[in-house]
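Undergrad: Here it is, the structure in full.
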Amino acid sequence: MARFTVLIAAVVLAFVVAVPEVTAKKYTVGENKFWNPNINYTIWAQGKHFYLGDWLYFVFDRNQHNILEVNKTDYENCNADHPLVNWTRGAGRDIVTLNVTKHYYLLDGKGGCYGGMKLAVKVEKLPPPPKAAPVKSIGSVSMATGVAQFVIPFALFSVSTVWDAILRMW
């Protein structure tokens with residue numbers, strides 16, 4: 001049992017170290033008020049930054065509302081006659097994947113737009129990560145070297161432990 005615990009710990013550690021951070025974010029449109037009339041979605045979107053890969057999660061009564069993507073003019077006039085995309089899938093729990101850098105103009109095409117059910121978001125590329133701080137030197141050994149002296153043996157130990165555990169299970 002102890003070997004199995006070590007195996008699981010090593011696999012989890014390897015997964016955490018090897019998998020990069022996922023930056024996509026899920027936004028529930030309207031938060032706990034969801035996709036309903038008489039909510040100002042412009043105010044809801046203020047201060048939020050929408051990036052490539054994020055997604056909008058809409059919760060609504062599927063018999064009364066839908067989600068249509070339209071052009072800017074149709075958005076401004078609440079015109080749902082010529083949608084670019086119908087994002088409604090019928091369950092009232094629908095997702096708009098923000099997979100293109102552009103302005104998305106979304107509205108309810110069943111009349112809710114006149115009650116405020118419209119949302120415009122600008123999707124941008126994720127900004128580059130901040131530059132790494134310069135490596136500080138500790139005497140004649142840099143901080144990176146000091147970390148490497150710990151991490152590399154630990155990683156080798158973890159891999160060998162996992163391999164040993166696998167071989168012993170067979």
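By order of appearance in the structure tokens: chains A, B, ..., then residues from 1 within every chain, and ligands from 1 in the order shown.
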Excluding range 115-122 of chain A and its own-chain neighbours fewer than 3 positions away, which residues fall within 8 Å of it when counting only C-alpha atoms? Please give them as a ChimeraX atom specification.

TA: /A:35-42,45,50,75,101-108,111-112

Undergrad: Hey, what does DSSP flag as strand (DSSP E) within range 26-140 of chain A? Can you give it to me as a PyMOL selection string?

TA: chain A and resi 26-28+50-51+55-59+68-70+85-86+93-97+103-107+118-124+137-138

Undergrad: Could you check how far CA of Glu76 in chain A sits from CA of Asp54 in chain A, in Å to one decimal?

TA: 24.0 Å

Undergrad: Under the rule that only C-alpha atoms are counted, which of A:Pro128, A:Gly90, A:Gly109, A:Gly30 is the nearest residue to Phe58 in chain A?

TA: A:Gly30

Undergrad: Which residues are close to Leu126 in chain A, i.e. within 7 Å by only C-alpha atoms, leaving aside same-chain residues fewer than 2 positions away? Reply as a list in words.

TA: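 Listed by chain and then number, they are Tyr51, Leu52, Glu124 and Pro128 of chain A.
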
Undergrad: Restricting the calculation to only C-alpha atoms: of A:Lys125, A:Lys131, A:His49, A:Arg62, which residue gets closest to Arg89 in chain A?

TA: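 Using only C-alpha atoms, Arg89 in chain A sits closest to A:Arg62.
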